[in-house]
Number of protein chains: 2
Amino acid sequence: MVTLADVARHAGVSASTVSYVLSGKRSISAPTRERIQHSIDTLGYRPHAGARALASSRTDVLALMMPLRTGLYVPVMMEIAMSVTTTARSHGYDVLLLTGEEGPEAVRRVEGSAIADAMIVMDVGLDDPRLPCLQEAERPAVLIGLPTETAEAADTAGLDCVDLDFESAGARCVEHLAGLGHTGVAVLGEPPAVYERGTGFAARTLTGLRAAAATHGVGLLHRPVDGTYAAVAAAVTRVFEERPGTTALVVQNEAAVEPLLALLRHQGRAVPEDVSVVAICPDQVAVHASVPLTAVAVPAREMGRRAVERLVGRLAGEAPRGTELIPPLLTARASTGPAPSGPASTAGSALPGPRVSVSAPTEDRRGRGGH
Amino acid sequence: MVTLADVARHAGVSASTVSYVLSGKRSISAPTRERIQHSIDTLGYRPHAGARALASSRTDVLALMMPLRTGLYVPVMMEIAMSVTTTARSHGYDVLLLTGEEGPEAVRRVEGSAIADAMIVMDVGLDDPRLPCLQEAERPAVLIGLPTETAEAADTAGLDCVDLDFESAGARCVEHLAGLGHTGVAVLGEPPAVYERGTGFAARTLTGLRAAAATHGVGLLHRPVDGTYAAVAAAVTRVFEERPGTTALVVQNEAAVEPLLALLRHQGRAVPEDVSVVAICPDQVAVHASVPLTAVAVPAREMGRRAVERLVGRLAGEAPRGTELIPPLLTARASTGPAPSGPASTAGSALPGPRVSVSAPTEDRRGRGGH
DNA sequence: ATGAAAGCGCTAACAC
DNA sequence: GTGTTAGCGCTTTCAT
């Protein structure tokens, strides 16, 4: 193994000079710097991470705690993880991946063993047991997500948070639909487990949805669903039975998107002629859906990037910045349109009660699949 | 910070004794061990990772290189990553996440800076530039995937590999369908980019599919598809036009699964009465699809687990084990059934379809196809 | 602008 | 069964 001492010898200088060339912490004359750099390249020298960590008390590693509990949409997590990793690299940091299984113990391990300089914590719950440890910890931490129902309380707890402004996101959805004349909106939410766990973003979205619904005189039904075809079908069918006047759906559950579209197609409800659909999901999902979806984007990459940049800033001595909410951006695509104007124009209207039977839109349909 | 020396002083022993209690590398009398353990607990001592790495040349970290290039199904990657992380923890290792962007440079970094003790490399291509570095490296590496078209060549290159036996997986799919009397099978494969990149698993699957098709007199069409509704619709429509005798589909593209099922429903082709579908995907996807799918499982967790266990074994001194292929497991679910027996019974029959072969096997068949 | 030297906290011979 | 001690490779005062 090539050590710093080897380089020093090869370049005919002292070890400390080599070290200073590497760190740039003091000025070195051009000739010696070049000579040393040449030796480094020739010998293929790489500083030993452990030795450096021991001497400097810095690891150049960020820990990423990613619980991946049931009901969470994996691609968003993954995108955040990748965004964190590439952003971290661009700042000279590596990323240590921790699962949620260890819980608070992982926080103590990172702290106590000096495994990482800072941490990013995802999937934060309302009474997350990791939070107290994080607050006691010496090392800076940034949460992706808020541990509170509202945006204000988080920073008072001394925590740095980055998240989409889900409350505004919910409001945007309703506003968009209200603007198109819809008055009966149903929300297909995350799986029940997500709400039960007290995961902040789902609750905050709901708050925004409800507030805007009240403001705009829109009736709102909310149904948590698992991301399976069966669950979506059951929920949607019930919604249309309970309130035939439903003309728009908001989906906050990426896994439910395709099942929902397939179901509507199957039921003969045209999108957006009979029913409008707004999603809260990554843009990629919205664009590639079988009907391009009007959607509020969940900016996964952005969230990962900002989290890292805050952490890097704090490691460089900046003060905590509190809660940072990313404003939602709704992009109108093909899945929303004006509310159908009379009972006559909706598929649901043909039905006396329970089930959708007939008549539908203007689609080319063939084959024996017909109901 | 609490150091080993602090513990030693508190317990009234020497530093080395404390160290040996921790490592278990020499026998300590019960009383002193207990006394030391008590001091450790009282003081809340944690060994300093950097110091330990420097002194022992072991980091207790495994590096996981996960490229996440276009066209790869994210949930499988994520499941492997999580499986790797939890398995690693259970063996006392942490996991450092590396993206593919750095390429071979990342391998050298890990090696040169002693950042990790070993590495797991995913998404290996046929002429992967990381492979030469890996072979030169001192540290053990395990590939998830094979860098070759066939199973044999990999270990000769001195590399340790873990993967599903995709060749057999392909064969199982065809065998299953052939056993049900299907003679016209189309394969919806991974996105074109995956094949172009020379990613081994896709090519190997195709090899297995083709071999079995030849053996069983099954006609095989192969279409790479992007995982969007539009791409799937285009491909499937063309397949049925080109060969109306197609009665079964094999899908190796998780993102295409729901679009495909939605499309078939929309076209009025009943599954499995008109067309059978076999998938190569994680069991979870197969089970939760809108039609539970007969499928060869991609054992993501298993692959991650085995990769880590091999690595841990090799770090403990075991010799490389070469290539380890996990035998495929096909589970029959609701999406496959006997081939429709005559032109009269299929939706496709409406089309000017030349050939549907006559004879079919002797299997118990039921459903509406009954002649 | 450069060098010398004292650690950082731990491990692993080498003693006894 | 336990203590002593010499590093591991790097950073960073303190000198000059």
# chains A, B, ... in the order shown; residues from 1 in each chain; ligands from 1
$ select_by_dssp --residues "range 50-280 of chain B" --states "alpha helix (DSSP H)" --output "number ranges by chain"
B: 50-56, 74-90, 104-113, 130-136, 153-156, 166-179, 192-196, 200-216, 229-242, 254-267
$ interface_residues --of "chain A" --to "chain C" --cutoff "12 Å" --atoms "only C-alpha atoms (C1' of nucleotides)" --output "PyMOL selection string"
chain A and resi 8+12-21+26-33+50-58+113-114
$ residues_around --residues "range 334-339 of chain A" --least-positions-apart "4" --cutoff "12 Å" --atoms "only C-alpha atoms (C1' of nucleotides)" --output "PyMOL selection string"
chain A and resi 173-174+176-185+245-251+257+261+264+270-279+286-295+330+343+345-346
$ interface_residues --of "chain D" --to "chain B" --cutoff "8 Å" --atoms "only C-alpha atoms (C1' of nucleotides)" --output "ChimeraX atom specification"
/D:1-3,8-9
$ residues_around --residues "Thr228 in chain B" --least-positions-apart "3" --cutoff "9 Å" --atoms "only C-alpha atoms (C1' of nucleotides)" --output "PyMOL selection string"
(chain A and resi 288-290) or (chain B and resi 225+231-233+255-256+259)
$ residues_around --residues "Arg314 in chain A" --least-positions-apart "6" --cutoff "12 Å" --atoms "only C-alpha atoms (C1' of nucleotides)" --output "ChimeraX atom specification"
/A:117-119,138-142,160,307-308,320-322
$ write_last_selection --atoms "N, CA, C and O atoms" --output "tab-separated table (two decimals), in the first residue's frame"
chain	number	residue	atom	x	y	z
A	117	ASP	N	-20.32	11.58	9.27
A	117	ASP	CA	-20.24	12.94	9.80
A	117	ASP	C	-21.61	13.54	10.05
A	117	ASP	O	-21.76	14.51	10.80
A	118	ALA	N	-22.61	12.99	9.37
A	118	ALA	CA	-23.95	13.58	9.46
A	118	ALA	C	-24.94	12.57	8.94
A	118	ALA	O	-24.55	11.56	8.35
A	119	MET	N	-26.22	12.82	9.16
A	119	MET	CA	-27.17	11.87	8.61
A	119	MET	C	-28.42	12.47	8.02
A	119	MET	O	-28.88	13.54	8.42
A	138	GLU	N	-24.41	15.04	18.37
A	138	GLU	CA	-23.52	16.13	18.02
A	138	GLU	C	-23.61	16.41	16.52
A	138	GLU	O	-23.48	17.53	16.07
A	139	ARG	N	-23.77	15.34	15.77
A	139	ARG	CA	-23.68	15.47	14.31
A	139	ARG	C	-24.98	16.02	13.73
A	139	ARG	O	-26.06	15.69	14.19
A	140	PRO	N	-24.83	16.83	12.71
A	140	PRO	CA	-26.02	17.39	12.08
A	140	PRO	C	-26.86	16.32	11.38
A	140	PRO	O	-26.34	15.31	10.94
A	141	ALA	N	-28.15	16.58	11.33
A	141	ALA	CA	-29.06	15.67	10.64
A	141	ALA	C	-30.08	16.49	9.85
A	141	ALA	O	-30.44	17.59	10.25
A	142	VAL	N	-30.51	15.94	8.76
A	142	VAL	CA	-31.59	16.55	8.00
A	142	VAL	C	-32.65	15.49	7.78
A	142	VAL	O	-32.35	14.35	7.43
A	160	ASP	N	-33.66	20.05	11.24
A	160	ASP	CA	-33.59	20.58	9.89
A	160	ASP	C	-34.41	19.66	8.98
A	160	ASP	O	-34.18	18.45	8.96
A	307	ALA	N	-31.35	18.04	0.63
A	307	ALA	CA	-30.97	17.49	1.93
A	307	ALA	C	-29.45	17.42	2.05
A	307	ALA	O	-28.87	17.85	3.06
A	308	VAL	N	-28.81	16.93	1.00
A	308	VAL	CA	-27.36	16.82	1.04
A	308	VAL	C	-26.73	18.20	1.13
A	308	VAL	O	-25.80	18.42	1.91
A	320	PRO	N	-28.20	25.61	11.44
A	320	PRO	CA	-29.39	24.88	10.98
A	320	PRO	C	-30.35	25.85	10.30
A	320	PRO	O	-30.44	27.01	10.68
A	321	ARG	N	-31.05	25.37	9.31
A	321	ARG	CA	-31.92	26.28	8.59
A	321	ARG	C	-33.40	26.04	8.81
A	321	ARG	O	-34.25	26.63	8.16
A	322	GLY	N	-33.72	25.10	9.69
A	322	GLY	CA	-35.13	24.85	9.95
A	322	GLY	C	-35.81	24.13	8.81
A	322	GLY	O	-35.17	23.41	8.05
$ closest_residue --among "A:Leu325, A:Ala212, A:Ile36, A:Ala81" --to "chain B" --atoms "only C-alpha atoms"
A:Ala81
$ select_by_dssp --residues "range 151-319 of chain B" --states "strand (DSSP E)" --output "CSV table (one decimal) with C-alpha atoms, in the first residue's frame"
chain,number,residue,atom,x,y,z
B,160,ASP,CA,-17.6,-14.7,-7.8
B,161,CYS,CA,-21.2,-14.4,-9.2
B,162,VAL,CA,-24.7,-14.9,-7.8
B,163,ASP,CA,-27.7,-14.8,-10.1
B,164,LEU,CA,-31.0,-16.4,-10.9
B,184,GLY,CA,-47.4,-19.6,-30.6
B,185,VAL,CA,-45.6,-17.6,-27.9
B,186,ALA,CA,-44.5,-14.0,-27.9
B,187,VAL,CA,-42.0,-12.6,-25.5
B,188,LEU,CA,-42.2,-9.0,-24.2
B,189,GLY,CA,-38.7,-8.3,-23.1
B,219,GLY,CA,-42.9,-20.6,-32.3
B,220,LEU,CA,-41.3,-17.7,-30.5
B,221,LEU,CA,-41.5,-14.0,-31.2
B,222,HIS,CA,-39.4,-11.6,-29.2
B,223,ARG,CA,-40.1,-7.9,-28.7
B,224,PRO,CA,-38.2,-5.6,-26.4
B,248,ALA,CA,-49.4,-17.0,-25.0
B,249,LEU,CA,-47.1,-14.2,-23.8
B,250,VAL,CA,-44.0,-14.2,-21.7
B,251,VAL,CA,-43.2,-10.9,-20.0
B,276,SER,CA,-52.0,-17.0,-21.3
B,277,VAL,CA,-49.5,-14.8,-19.6
B,278,VAL,CA,-46.3,-15.9,-17.9
B,279,ALA,CA,-44.1,-13.4,-16.2
B,280,ILE,CA,-40.5,-13.3,-15.0
B,281,CYS,CA,-40.8,-10.9,-12.1
B,294,THR,CA,-48.1,-17.5,-13.3
B,295,ALA,CA,-44.5,-16.5,-12.9
B,296,VAL,CA,-40.9,-17.4,-12.5
B,297,ALA,CA,-39.9,-15.5,-9.4
$ atom_distance --atom1 "CA of Ser23 in chain B" --atom2 "CA of Leu311 in chain B"
20.2 Å
$ atom_distance --atom1 "CA of Arg210 in chain B" --atom2 "CA of Arg172 in chain B"
11.2 Å
